[in-house]
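Following: one structure in structure tokens, then a few remarks.
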2 protein chains.
Amino acid sequence: MNIEEIIENVTKFIENKQIKDLREYLETINSADFPSILEEVDEDKVIMIYRLLTKEKAAEVFVELDHDDQENLINCLTDKEIKNVMNELYMDDATDLIEEMPSNVVKRILTNTKPSNRKIINELLKYPEDTAGTLMTTEFIDLKENMTVDDAFAFIKNKALKKETVYNCYVLTIDRKLLGIIDIKDLLIADREKLIKDIMDTNVIKVNTLEDQEEVARMFDKYDFIALPVVDQENRLVGIITVDDAIDVIKEEATEDFEKMAAIRPDDDGESYLKTSVLKHAKNRIIWLLVLMISAMLTGGIIENYEAAISSLPLLVSFIPMLMDTGGNCGSQASTLIIRGLAINEISTKDILKVMWKEFRISIIVGITLAIANSIRIMIQYNDVKIAVVVGATLICTVIMAKLIGCVLPIIAKKIKLDPAIMAAPLITTIVDALSVLVFFSISTSIFNI
Amino acid sequence: MNIEEIIENVTKFIENKQIKDLREYLETINSADFPSILEEVDEDKVIMIYRLLTKEKAAEVFVELDHDDQENLINCLTDKEIKNVMNELYMDDATDLIEEMPSNVVKRILTNTKPSNRKIINELLKYPEDTAGTLMTTEFIDLKENMTVDDAFAFIKNKALKKETVYNCYVLTIDRKLLGIIDIKDLLIADREKLIKDIMDTNVIKVNTLEDQEEVARMFDKYDFIALPVVDQENRLVGIITVDDAIDVIKEEATEDFEKMAAIRPDDDGESYLKTSVLKHAKNRIIWLLVLMISAMLTGGIIENYEAAISSLPLLVSFIPMLMDTGGNCGSQASTLIIRGLAINEISTKDILKVMWKEFRISIIVGITLAIANSIRIMIQYNDVKIAVVVGATLICTVIMAKLIGCVLPIIAKKIKLDPAIMAAPLITTIVDALSVLVFFSISTSIFNI
């Protein structure tokens, strides 16, 4: 069923005042579809619909809303309703909420959170941004090594309802050190009297609370995890990260790379394009534009030095855009592939020579092809061999420089612990522009003796 | 334990001929770490290490290798060993393998695959590229609605070993129509005598075999699935897609967008940068470079029309790179944000006016700021108000044009069912270049009367 049909049905139930039917109907809708639905109904209906949901569903739907809508909703809810939501939320979602709400709302939320949860939230809030600690939730199934499989099933039956995932269970010592991990599948196929310690997997891959979230996402991608255990400095299990949160990180990191590679300062708060204000958009874009504009003046300065040449052969100027654009495009092709390769671990910094040799050979093929195409066009249009030679030679040099600079700078950036994504099209283009104009006029002036 | 340590240990075991210890040690290593390990040991050791693995592990490791290494390995294995691997592979992995191997290898693989599996592989091979059908595997837990929870546990205990996932179980009619879905958690907390039909969730979100893989990835992201059921045209459950495959698609689609946005034709076979040959790299890059180079000649043509102006005031030329670069950067900022927003469903085509209005306001702020910065610099360097005014006015026009073109073209592309990622920096830059040069010379010639 698509969103339009759902909205139509909901509206019909409301118009006909079929509240009981609406309540039942709402339970059948996936929580992830609610934001699009609530956006389409009148504002006064939103809170009415929300109040019809069961406690569990209300919490699920709440997590799906964006921060503005969450704030609006909280302002409409009673203390008791907030209490219900807060009791149902998983700790990672509760912590996210606290982080994003304005302080008066936070105060009201915390007053309506039970003290034990408040303590956990306060602990989670302490982890530095973008670390495993901020991604994890504290609800997981913890077994003891001397339990039998039967004991474990009984334990899970009792506890599972309040745990975010049961797919992986963790075996802990009394002081909560992580001994092993059991996939629920292995528990299901094991004989009932077996001991947990005999079926658990002790080769546990885990991360520290302070691990960077990008590395966490890479591990999910590499090892195909459903959940990843997070331990503190003393190897005590303090939480788990579930695969849905890893997907969010993968998406978020890719978006950040797209932004950086287009000379945009990525937004920390992760608001969507439409929700970000005009002023913030302008602020995020203007800094790099200024830096690049000033750098581009260098190319202008080079051109100024050749004013005499331009005056005597103004036709030369008409090749500058083509040379600049081609150089920029060649450089950005190389840098994009390298930056992406570094991001998804297909290329490492020790491959630098291999990459350069590859780009050099590619640029020879590309450069010569483009030069031939250009020479043909110049011969047809101007029938001037000298110009064809100058432009062709410049093109080949430009392509080689662009590809080499485009592949080397991101790797160097990574080596000196900078973000490779900064060394993308905009910066590469600016550098290559200056060089290609310089090469162009050097060759022109010497061949034409101007 | 990191890869370097593992390799050191493995080498030590081999040197000391401690084969039994090595065999035990290898079992403790995660399959996903094997490619990096095998790459570092001598070639003759690779097959020796591989032969020490248990059947299950051997299949797991095989899946992790890239296509070249798989081919090399198959060529070293006996028919019996290939049979073992093929019996352990999940159907989606087996199908991927068949798709990527050269025909002589495929023949040998299929001869060593049992007939029932061969039939499934042949079915899976029929699905068009990049559809749900090519992502899915056919191994899943299928329950009947009249089973009790206890029956279900017994059934799972028997079958689970050969199923890719037990986290979600599917309830089917006799003719394999999908009735409902049960998360293993709900099965674990249910009373043993309850009937499956009473605890299953009948609001199943599913996809058709022909659904595009990009849409599949979006659904995983939106609904936080662990697995997604795939049905045929008759609503019969034919397979499931697991979240690890969805992550691969998310990564692959982002990489493709990066490539397209840098004017690179994405590679269908998804080989990594280093594995792709120089000739293929050149081929993937050259087409767009040619198109863009020829388009950039348009800008050159415009400049040619103003040769008189250039001869009388050659200084004008030195501002062209700055104007072109700034226009290109502004356009690529806008287009990147819009393309990414469209890709992750944060922006839809019906937002076009909202987006344009936003970009217009942003470009006013950005344009004026840049114009002021530039005017100050021109006044300091040349102390010439007229030039400051001309360049400033051109800058503001360029920024507005760049941002509007940059945001509109991707949305229009999406509307007419083209890939928005084509309307990225390279093409936008080329268009904006021509326009900004035109505006620059129009304003210059009228103000300077040249």
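Numbering starts fresh at 1 for the residues of each chain in the structure tokens, the chains themselves are lettered A, B, ... in the order given, and ligands are numbered from 1 as they appear.
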
>> Quick one: residues within 8 Å of A:Asn284, only C-alpha atoms, excluding same-chain residues fewer than 4 positions away - as number ranges by chain?
In response: A: 264-267, 280

Could you write out chain A as a compact mmCIF listing (two decimals) with C-alpha atoms, in the first residue's frame once it has been least-squares superposed on chain B using every ordered C-alpha pair?
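Now in part-v9.txt:
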# COMPACT_ATOMS: atom_id res chain seq x y z
CA MET A 1 44.00 -8.69 16.57
CA ASN A 2 45.11 -6.87 13.46
CA ILE A 3 45.93 -8.30 10.06
CA GLU A 4 49.71 -7.88 10.47
CA GLU A 5 49.74 -10.01 13.62
CA ILE A 6 47.62 -12.68 11.98
CA ILE A 7 49.93 -12.87 8.98
CA GLU A 8 52.94 -13.11 11.27
CA ASN A 9 51.36 -15.97 13.20
CA VAL A 10 50.34 -17.83 10.06
CA THR A 11 53.84 -17.50 8.60
CA LYS A 12 55.34 -18.78 11.84
CA PHE A 13 53.08 -21.83 11.87
CA ILE A 14 54.02 -22.59 8.28
CA GLU A 15 57.75 -22.16 8.85
CA ASN A 16 57.64 -24.45 11.87
CA LYS A 17 55.46 -26.91 9.96
CA GLN A 18 52.88 -26.79 12.77
CA ILE A 19 50.08 -27.76 10.44
CA LYS A 20 47.65 -28.93 13.09
CA ASP A 21 48.06 -25.70 15.05
CA LEU A 22 47.70 -23.68 11.88
CA ARG A 23 44.46 -25.49 11.05
CA GLU A 24 43.04 -24.65 14.46
CA TYR A 25 44.30 -21.10 14.26
CA LEU A 26 42.73 -20.51 10.85
CA GLU A 27 39.29 -21.43 12.19
CA THR A 28 39.50 -18.56 14.68
CA ILE A 29 40.08 -15.96 11.97
CA ASN A 30 37.09 -14.10 10.58
CA SER A 31 36.44 -15.03 6.95
CA ALA A 32 36.37 -11.38 5.96
CA ASP A 33 40.02 -11.06 7.01
CA PHE A 34 41.22 -13.86 4.71
CA PRO A 35 41.57 -11.84 1.48
CA SER A 36 44.13 -9.49 3.09
CA ILE A 37 45.94 -12.48 4.59
CA LEU A 38 46.06 -14.57 1.43
CA GLU A 39 47.29 -11.55 -0.50
CA GLU A 40 50.36 -11.35 1.72
CA VAL A 41 51.47 -15.01 1.73
CA ASP A 42 53.34 -16.68 -1.16
CA GLU A 43 51.15 -18.02 -3.93
CA ASP A 44 51.98 -21.68 -3.28
CA LYS A 45 50.96 -21.22 0.34
CA VAL A 46 47.52 -19.89 -0.58
CA ILE A 47 46.14 -23.19 -1.78
CA MET A 48 47.76 -24.99 1.15
CA ILE A 49 46.10 -22.68 3.65
CA TYR A 50 42.80 -22.93 1.83
CA ARG A 51 42.89 -26.74 1.95
CA LEU A 52 43.31 -26.66 5.73
CA LEU A 53 39.92 -24.98 6.20
CA THR A 54 36.76 -26.85 7.12
CA LYS A 55 34.12 -27.15 4.42
CA GLU A 56 31.96 -24.39 5.89
CA LYS A 57 34.87 -22.01 6.43
CA ALA A 58 36.23 -22.72 2.95
CA ALA A 59 32.93 -21.62 1.43
CA GLU A 60 32.76 -18.52 3.65
CA VAL A 61 36.29 -17.51 2.72
CA PHE A 62 35.63 -18.20 -0.94
CA VAL A 63 32.77 -15.68 -0.97
CA GLU A 64 35.05 -12.98 0.44
CA LEU A 65 37.67 -13.25 -2.32
CA ASP A 66 37.51 -11.05 -5.39
CA HIS A 67 36.75 -12.53 -8.78
CA ASP A 68 40.34 -12.91 -9.98
CA ASP A 69 41.34 -14.74 -6.82
CA GLN A 70 38.24 -16.92 -7.00
CA GLU A 71 39.14 -17.89 -10.53
CA ASN A 72 42.75 -18.69 -9.61
CA LEU A 73 41.59 -20.75 -6.68
CA ILE A 74 39.07 -22.75 -8.71
CA ASN A 75 41.79 -23.59 -11.19
CA CYS A 76 43.82 -25.10 -8.36
CA LEU A 77 40.97 -27.06 -6.73
CA THR A 78 39.94 -30.61 -7.54
CA ASP A 79 36.41 -31.38 -8.72
CA LYS A 80 35.58 -32.76 -5.32
CA GLU A 81 36.75 -29.59 -3.59
CA ILE A 82 34.70 -27.44 -5.95
CA LYS A 83 31.70 -29.64 -5.21
CA ASN A 84 32.17 -29.02 -1.49
CA VAL A 85 32.35 -25.27 -1.93
CA MET A 86 29.33 -25.18 -4.23
CA ASN A 87 27.24 -27.20 -1.78
CA GLU A 88 28.02 -24.76 1.00
CA LEU A 89 27.46 -21.51 -0.89
CA TYR A 90 24.20 -19.62 -0.51
CA MET A 91 22.34 -19.35 -3.78
CA ASP A 92 22.89 -15.61 -4.22
CA ASP A 93 26.65 -16.02 -3.84
CA ALA A 94 26.68 -19.03 -6.18
CA THR A 95 24.82 -17.00 -8.80
CA ASP A 96 27.18 -14.05 -8.44
CA LEU A 97 30.08 -16.41 -8.98
CA ILE A 98 28.61 -17.90 -12.16
CA GLU A 99 27.97 -14.41 -13.50
CA GLU A 100 31.55 -13.28 -13.04
CA MET A 101 33.59 -16.32 -14.12
CA PRO A 102 34.78 -16.98 -17.70
CA SER A 103 32.80 -19.65 -19.53
CA ASN A 104 35.29 -22.52 -19.14
CA VAL A 105 35.30 -22.01 -15.37
CA VAL A 106 31.50 -21.72 -15.32
CA LYS A 107 31.24 -25.07 -17.06
CA ARG A 108 33.45 -26.71 -14.47
CA ILE A 109 31.53 -25.10 -11.61
CA LEU A 110 28.12 -26.15 -12.93
CA THR A 111 29.28 -29.73 -13.52
CA ASN A 112 30.18 -29.85 -9.85
CA THR A 113 26.90 -28.35 -8.59
CA LYS A 114 24.06 -30.64 -7.63
CA PRO A 115 21.14 -30.57 -10.10
CA SER A 116 18.62 -28.99 -7.67
CA ASN A 117 20.96 -26.05 -7.02
CA ARG A 118 21.84 -25.79 -10.69
CA LYS A 119 18.14 -25.30 -11.40
CA ILE A 120 17.87 -22.50 -8.81
CA ILE A 121 21.00 -20.79 -10.14
CA ASN A 122 19.59 -20.89 -13.66
CA GLU A 123 16.37 -19.28 -12.42
CA LEU A 124 18.27 -16.55 -10.56
CA LEU A 125 20.45 -15.82 -13.58
CA LYS A 126 17.35 -14.83 -15.55
CA TYR A 127 16.57 -11.69 -13.53
CA PRO A 128 17.59 -8.42 -15.19
CA GLU A 129 20.67 -6.68 -13.80
CA ASP A 130 20.29 -4.46 -10.71
CA THR A 131 16.89 -5.87 -9.73
CA ALA A 132 15.76 -7.38 -6.43
CA GLY A 133 15.83 -10.80 -8.14
CA THR A 134 19.59 -10.68 -8.58
CA LEU A 135 20.17 -9.68 -4.95
CA MET A 136 18.00 -12.27 -3.26
CA THR A 137 18.88 -15.67 -1.94
CA THR A 138 16.47 -18.57 -1.91
CA GLU A 139 17.32 -19.95 1.53
CA PHE A 140 14.90 -18.78 4.22
CA ILE A 141 12.78 -20.23 6.99
CA ASP A 142 9.23 -20.85 5.78
CA LEU A 143 6.62 -21.69 8.41
CA LYS A 144 2.99 -22.72 8.05
CA GLU A 145 0.22 -20.75 9.75
CA ASN A 146 -1.15 -23.74 11.69
CA MET A 147 2.15 -24.66 13.29
CA THR A 148 2.49 -23.99 17.00
CA VAL A 149 5.46 -22.01 18.28
CA ASP A 150 6.90 -25.33 19.47
CA ASP A 151 6.51 -26.85 16.02
CA ALA A 152 8.24 -23.81 14.58
CA PHE A 153 11.22 -24.22 16.92
CA ALA A 154 11.53 -27.88 15.97
CA PHE A 155 11.31 -26.95 12.30
CA ILE A 156 13.94 -24.23 12.63
CA LYS A 157 16.28 -26.51 14.59
CA ASN A 158 16.20 -28.92 11.67
CA LYS A 159 16.50 -26.43 8.85
CA ALA A 160 18.38 -23.43 10.16
CA LEU A 161 21.87 -24.62 9.37
CA LYS A 162 21.33 -24.26 5.64
CA LYS A 163 19.45 -20.95 5.80
CA GLU A 164 21.19 -17.61 5.38
CA THR A 165 19.17 -15.98 8.15
CA VAL A 166 16.72 -17.05 10.83
CA TYR A 167 16.13 -13.54 12.16
CA ASN A 168 12.93 -13.25 10.17
CA CYS A 169 10.73 -16.26 9.40
CA TYR A 170 8.09 -16.25 6.68
CA VAL A 171 4.64 -17.80 6.88
CA LEU A 172 3.48 -19.26 3.58
CA THR A 173 0.35 -20.92 2.20
CA ILE A 174 0.68 -24.32 0.52
CA ASP A 175 1.11 -22.63 -2.85
CA ARG A 176 3.89 -20.49 -1.32
CA LYS A 177 1.95 -17.22 -1.14
CA LEU A 178 3.27 -14.93 1.60
CA LEU A 179 0.81 -14.63 4.51
CA GLY A 180 2.91 -13.06 7.23
CA ILE A 181 6.27 -12.55 8.81
CA ILE A 182 7.60 -13.32 12.29
CA ASP A 183 10.64 -11.77 13.85
CA ILE A 184 12.58 -14.41 15.77
CA LYS A 185 12.25 -12.19 18.84
CA ASP A 186 8.45 -12.54 18.75
CA LEU A 187 8.80 -16.28 18.41
CA LEU A 188 11.16 -16.40 21.39
CA ILE A 189 8.85 -14.48 23.72
CA ALA A 190 5.64 -16.24 22.61
CA ASP A 191 4.05 -19.06 24.57
CA ARG A 192 4.96 -22.44 23.16
CA GLU A 193 1.43 -23.62 22.39
CA LYS A 194 0.39 -20.49 20.48
CA LEU A 195 -0.32 -20.80 16.77
CA ILE A 196 1.94 -19.09 14.25
CA LYS A 197 -1.04 -17.39 12.61
CA ASP A 198 -1.84 -15.68 15.91
CA ILE A 199 1.58 -14.13 16.36
CA MET A 200 2.60 -13.40 12.79
CA ASP A 201 2.60 -9.86 11.44
CA THR A 202 0.42 -9.68 8.36
CA ASN A 203 1.41 -6.15 7.34
CA VAL A 204 4.33 -7.38 5.34
CA ILE A 205 6.40 -4.97 3.33
CA LYS A 206 7.83 -6.81 0.36
CA VAL A 207 9.23 -6.16 -3.09
CA ASN A 208 8.73 -7.65 -6.48
CA THR A 209 11.62 -9.54 -8.11
CA LEU A 210 11.88 -6.83 -10.75
CA GLU A 211 12.14 -3.89 -8.32
CA ASP A 212 15.23 -1.72 -8.86
CA GLN A 213 18.05 -2.36 -6.38
CA GLU A 214 18.28 1.35 -5.55
CA GLU A 215 14.68 1.27 -4.33
CA VAL A 216 15.49 -1.89 -2.33
CA ALA A 217 18.37 -0.09 -0.62
CA ARG A 218 16.10 2.87 0.15
CA MET A 219 13.58 0.56 1.81
CA PHE A 220 16.24 -0.99 4.03
CA ASP A 221 17.32 2.49 5.03
CA LYS A 222 13.79 3.68 5.72
CA TYR A 223 12.35 0.64 7.48
CA ASP A 224 15.47 -0.65 9.24
CA PHE A 225 14.97 -4.17 7.90
CA ILE A 226 17.21 -7.14 8.61
CA ALA A 227 15.79 -8.94 5.59
CA LEU A 228 13.24 -8.09 2.93
CA PRO A 229 10.97 -10.70 1.29
CA VAL A 230 10.91 -10.84 -2.51
CA VAL A 231 7.78 -12.10 -4.29
CA ASP A 232 7.05 -12.94 -7.90
CA GLN A 233 4.16 -11.61 -9.99
CA GLU A 234 1.79 -14.09 -8.30
CA ASN A 235 2.78 -12.95 -4.79
CA ARG A 236 4.68 -16.19 -4.16
CA LEU A 237 7.70 -15.78 -1.93
CA VAL A 238 10.74 -16.65 -4.05
CA GLY A 239 13.58 -15.24 -1.96
CA ILE A 240 14.82 -12.76 0.59
CA ILE A 241 17.38 -9.97 0.50
CA THR A 242 19.56 -9.67 3.59
CA VAL A 243 20.80 -6.39 5.04
CA ASP A 244 24.46 -7.05 4.18
CA ASP A 245 23.56 -7.15 0.50
CA ALA A 246 21.59 -3.93 0.95
CA ILE A 247 24.67 -2.27 2.44
CA ASP A 248 26.66 -3.34 -0.62
CA VAL A 249 24.04 -1.72 -2.84
CA ILE A 250 24.03 1.50 -0.80
CA LYS A 251 27.83 1.66 -1.14
CA GLU A 252 27.77 0.76 -4.81
CA GLU A 253 25.08 3.32 -5.64
CA ALA A 254 26.99 6.07 -3.79
CA THR A 255 30.19 5.15 -5.66
CA GLU A 256 28.31 5.27 -8.95
CA ASP A 257 26.96 8.71 -8.08
CA PHE A 258 30.45 9.94 -7.19
CA GLU A 259 31.69 8.68 -10.56
CA LYS A 260 28.84 10.12 -12.59
CA MET A 261 29.16 13.45 -10.80
CA ALA A 262 32.82 13.58 -11.82
CA ALA A 263 31.96 12.83 -15.47
CA ILE A 264 33.11 9.23 -15.31
CA ARG A 265 31.07 6.45 -16.85
CA PRO A 266 30.49 4.00 -13.98
CA ASP A 267 31.80 0.51 -14.45
CA ASP A 268 29.20 -2.23 -14.56
CA ASP A 269 31.44 -4.93 -13.21
CA GLY A 270 32.18 -2.99 -10.03
CA GLU A 271 35.91 -3.73 -10.05
CA SER A 272 37.99 -1.61 -7.70
CA TYR A 273 40.15 1.28 -8.97
CA LEU A 274 43.38 -0.70 -8.80
CA LYS A 275 41.93 -3.79 -10.50
CA THR A 276 40.52 -1.83 -13.44
CA SER A 277 42.87 -1.70 -16.43
CA VAL A 278 44.40 1.54 -17.72
CA LEU A 279 42.56 1.17 -21.02
CA LYS A 280 39.22 0.71 -19.30
CA HIS A 281 39.85 3.70 -17.04
CA ALA A 282 40.68 5.80 -20.11
CA LYS A 283 37.59 4.55 -21.93
CA ASN A 284 35.31 5.35 -18.98
CA ARG A 285 36.63 8.88 -18.76
CA ILE A 286 37.19 9.93 -22.34
CA ILE A 287 33.61 10.16 -23.60
CA TRP A 288 32.46 12.81 -21.16
CA LEU A 289 35.75 14.69 -21.49
CA LEU A 290 35.20 14.95 -25.24
CA VAL A 291 31.60 16.07 -24.85
CA LEU A 292 32.57 18.67 -22.27
CA MET A 293 35.60 19.84 -24.24
CA ILE A 294 33.48 20.44 -27.30
CA SER A 295 30.88 22.26 -25.16
CA ALA A 296 33.61 24.43 -23.65
CA MET A 297 34.52 25.57 -27.15
CA LEU A 298 31.23 27.44 -27.10
CA THR A 299 32.66 29.66 -24.36
CA GLY A 300 35.74 30.12 -26.53
CA GLY A 301 33.47 31.12 -29.40
CA ILE A 302 31.81 33.76 -27.25
CA ILE A 303 35.22 35.18 -26.31
CA GLU A 304 36.22 35.28 -29.98
CA ASN A 305 33.29 37.63 -30.65
CA TYR A 306 34.79 40.09 -28.23
CA GLU A 307 38.32 40.13 -29.70
CA ALA A 308 38.08 43.89 -30.24
CA ALA A 309 37.25 44.49 -26.60
CA ILE A 310 40.11 42.23 -25.52
CA SER A 311 42.61 44.02 -27.75
CA SER A 312 41.65 47.40 -26.34
CA LEU A 313 41.45 46.27 -22.70
CA PRO A 314 43.46 43.04 -22.27
CA LEU A 315 43.18 43.34 -18.48
CA LEU A 316 39.59 42.06 -18.79
CA VAL A 317 40.89 38.61 -19.70
CA SER A 318 42.59 38.21 -16.36
CA PHE A 319 39.18 38.12 -14.61
CA ILE A 320 37.85 35.26 -16.72
CA PRO A 321 39.40 32.40 -14.69
CA MET A 322 38.08 33.80 -11.42
CA LEU A 323 34.58 34.26 -12.87
CA MET A 324 34.56 30.81 -14.48
CA ASP A 325 35.82 29.04 -11.37
CA THR A 326 33.45 30.81 -9.01
CA GLY A 327 30.50 30.12 -11.28
CA GLY A 328 31.51 26.49 -11.55
CA ASN A 329 31.94 26.12 -7.81
CA CYS A 330 28.61 27.80 -7.01
CA GLY A 331 26.81 25.63 -9.53
CA SER A 332 28.40 22.45 -8.30
CA GLN A 333 27.56 23.26 -4.67
CA ALA A 334 23.90 23.60 -5.56
CA SER A 335 23.76 20.61 -7.89
CA THR A 336 25.63 18.35 -5.46
CA LEU A 337 23.23 19.10 -2.61
CA ILE A 338 20.20 18.57 -4.84
CA ILE A 339 21.50 15.38 -6.46
CA ARG A 340 22.33 13.90 -3.05
CA GLY A 341 19.00 15.07 -1.62
CA LEU A 342 17.16 13.37 -4.48
CA ALA A 343 19.23 10.19 -4.06
CA ILE A 344 18.42 9.81 -0.38
CA ASN A 345 14.81 10.93 -0.84
CA GLU A 346 15.13 14.12 1.17
CA ILE A 347 14.07 16.18 -1.83
CA SER A 348 11.39 15.24 -4.33
CA THR A 349 10.70 16.69 -7.76
CA LYS A 350 7.61 18.50 -6.46
CA ASP A 351 9.90 20.65 -4.27
CA ILE A 352 11.31 22.39 -7.36
CA LEU A 353 9.89 25.84 -6.61
CA LYS A 354 10.80 25.66 -2.92
CA VAL A 355 14.36 24.72 -3.90
CA MET A 356 14.66 27.48 -6.49
CA TRP A 357 13.42 30.12 -4.06
CA LYS A 358 15.90 28.89 -1.47
CA GLU A 359 18.82 28.87 -3.92
CA PHE A 360 17.84 32.33 -5.17
CA ARG A 361 18.03 33.80 -1.67
CA ILE A 362 21.28 31.95 -0.95
CA SER A 363 22.81 33.23 -4.17
CA ILE A 364 21.92 36.83 -3.34
CA ILE A 365 23.81 36.58 -0.03
CA VAL A 366 26.73 34.66 -1.54
CA GLY A 367 26.90 36.81 -4.68
CA ILE A 368 26.95 40.12 -2.82
CA THR A 369 29.58 38.89 -0.35
CA LEU A 370 31.87 37.68 -3.12
CA ALA A 371 31.30 40.87 -5.13
CA ILE A 372 32.27 43.05 -2.16
CA ALA A 373 35.42 41.01 -1.53
CA ASN A 374 36.34 41.31 -5.16
CA SER A 375 35.64 45.03 -5.41
CA ILE A 376 37.86 45.71 -2.43
CA ARG A 377 40.67 43.77 -4.05
CA ILE A 378 40.22 45.54 -7.41
CA MET A 379 40.15 48.97 -5.76
CA ILE A 380 43.38 48.16 -3.93
CA GLN A 381 45.15 46.66 -6.91
CA TYR A 382 43.90 48.82 -9.80
CA ASN A 383 41.97 51.64 -8.10
CA ASP A 384 39.43 51.47 -10.94
CA VAL A 385 35.75 51.85 -9.97
CA LYS A 386 34.45 50.90 -13.40
CA ILE A 387 36.24 47.55 -13.38
CA ALA A 388 35.13 46.93 -9.81
CA VAL A 389 31.52 47.54 -10.84
CA VAL A 390 31.72 45.37 -13.95
CA VAL A 391 33.35 42.45 -12.16
CA GLY A 392 31.07 42.79 -9.12
CA ALA A 393 27.90 42.88 -11.20
CA THR A 394 29.07 39.92 -13.28
CA LEU A 395 29.86 37.97 -10.14
CA ILE A 396 26.40 38.49 -8.70
CA CYS A 397 24.74 37.48 -11.97
CA THR A 398 27.04 34.46 -12.29
CA VAL A 399 26.33 33.22 -8.79
CA ILE A 400 22.56 33.54 -9.26
CA MET A 401 22.64 31.79 -12.64
CA ALA A 402 24.95 29.08 -11.36
CA LYS A 403 22.88 28.28 -8.28
CA LEU A 404 19.60 28.27 -10.19
CA ILE A 405 20.91 26.14 -13.04
CA GLY A 406 22.66 23.90 -10.53
CA CYS A 407 19.47 23.20 -8.60
CA VAL A 408 17.00 23.06 -11.48
CA LEU A 409 18.75 20.73 -13.93
CA PRO A 410 19.04 17.72 -11.59
CA ILE A 411 15.36 18.00 -10.64
CA ILE A 412 14.32 18.27 -14.28
CA ALA A 413 16.52 15.29 -15.09
CA LYS A 414 14.76 13.26 -12.41
CA LYS A 415 11.36 14.38 -13.69
CA ILE A 416 12.10 13.16 -17.21
CA LYS A 417 13.49 9.90 -15.76
CA LEU A 418 17.14 10.68 -16.44
CA ASP A 419 19.76 10.15 -13.76
CA PRO A 420 20.11 13.44 -11.83
CA ALA A 421 23.79 12.65 -11.18
CA ILE A 422 24.60 13.54 -14.80
CA MET A 423 23.64 17.16 -14.08
CA ALA A 424 26.61 17.61 -11.80
CA ALA A 425 29.62 19.91 -11.56
CA PRO A 426 31.22 19.18 -14.96
CA LEU A 427 28.15 19.87 -17.09
CA ILE A 428 26.86 22.70 -14.90
CA THR A 429 30.32 24.33 -14.98
CA THR A 430 30.43 24.22 -18.76
CA ILE A 431 27.01 25.83 -19.07
CA VAL A 432 27.68 28.47 -16.43
CA ASP A 433 31.08 29.27 -17.98
CA ALA A 434 29.50 30.25 -21.26
CA LEU A 435 26.84 32.35 -19.57
CA SER A 436 29.20 34.13 -17.21
CA VAL A 437 31.62 35.04 -20.00
CA LEU A 438 28.70 36.33 -22.04
CA VAL A 439 27.42 38.45 -19.15
CA PHE A 440 30.93 39.70 -18.39
CA PHE A 441 31.62 40.93 -21.90
CA SER A 442 28.11 42.34 -22.37
CA ILE A 443 28.46 44.44 -19.24
CA SER A 444 32.09 45.37 -20.01
CA THR A 445 31.46 46.48 -23.56
CA SER A 446 28.49 48.61 -22.59
CA ILE A 447 30.19 50.26 -19.61
CA PHE A 448 33.55 50.80 -21.31
CA ASN A 449 31.99 51.54 -24.70
CA ILE A 450 34.34 49.11 -26.47

> Residues of stretch 257-328 of chain B in helix (DSSP H, G or I) according to DSSP, as number ranges by chain?
Replying inline: B: 257-261, 278-305, 307-312, 314-328

>> Using DSSP assignments from the backbone, pull out every residue in stretch 193-337 of chain B that falls under strand (DSSP E) and give it to me as a list in words.
In response: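 Put together, the selection reads Val207, Asn208, Ala227, Leu228, Pro229, Val230, Val231, Leu237, Val238, Gly239, Ile240, Ile241 and Thr242 of chain B.
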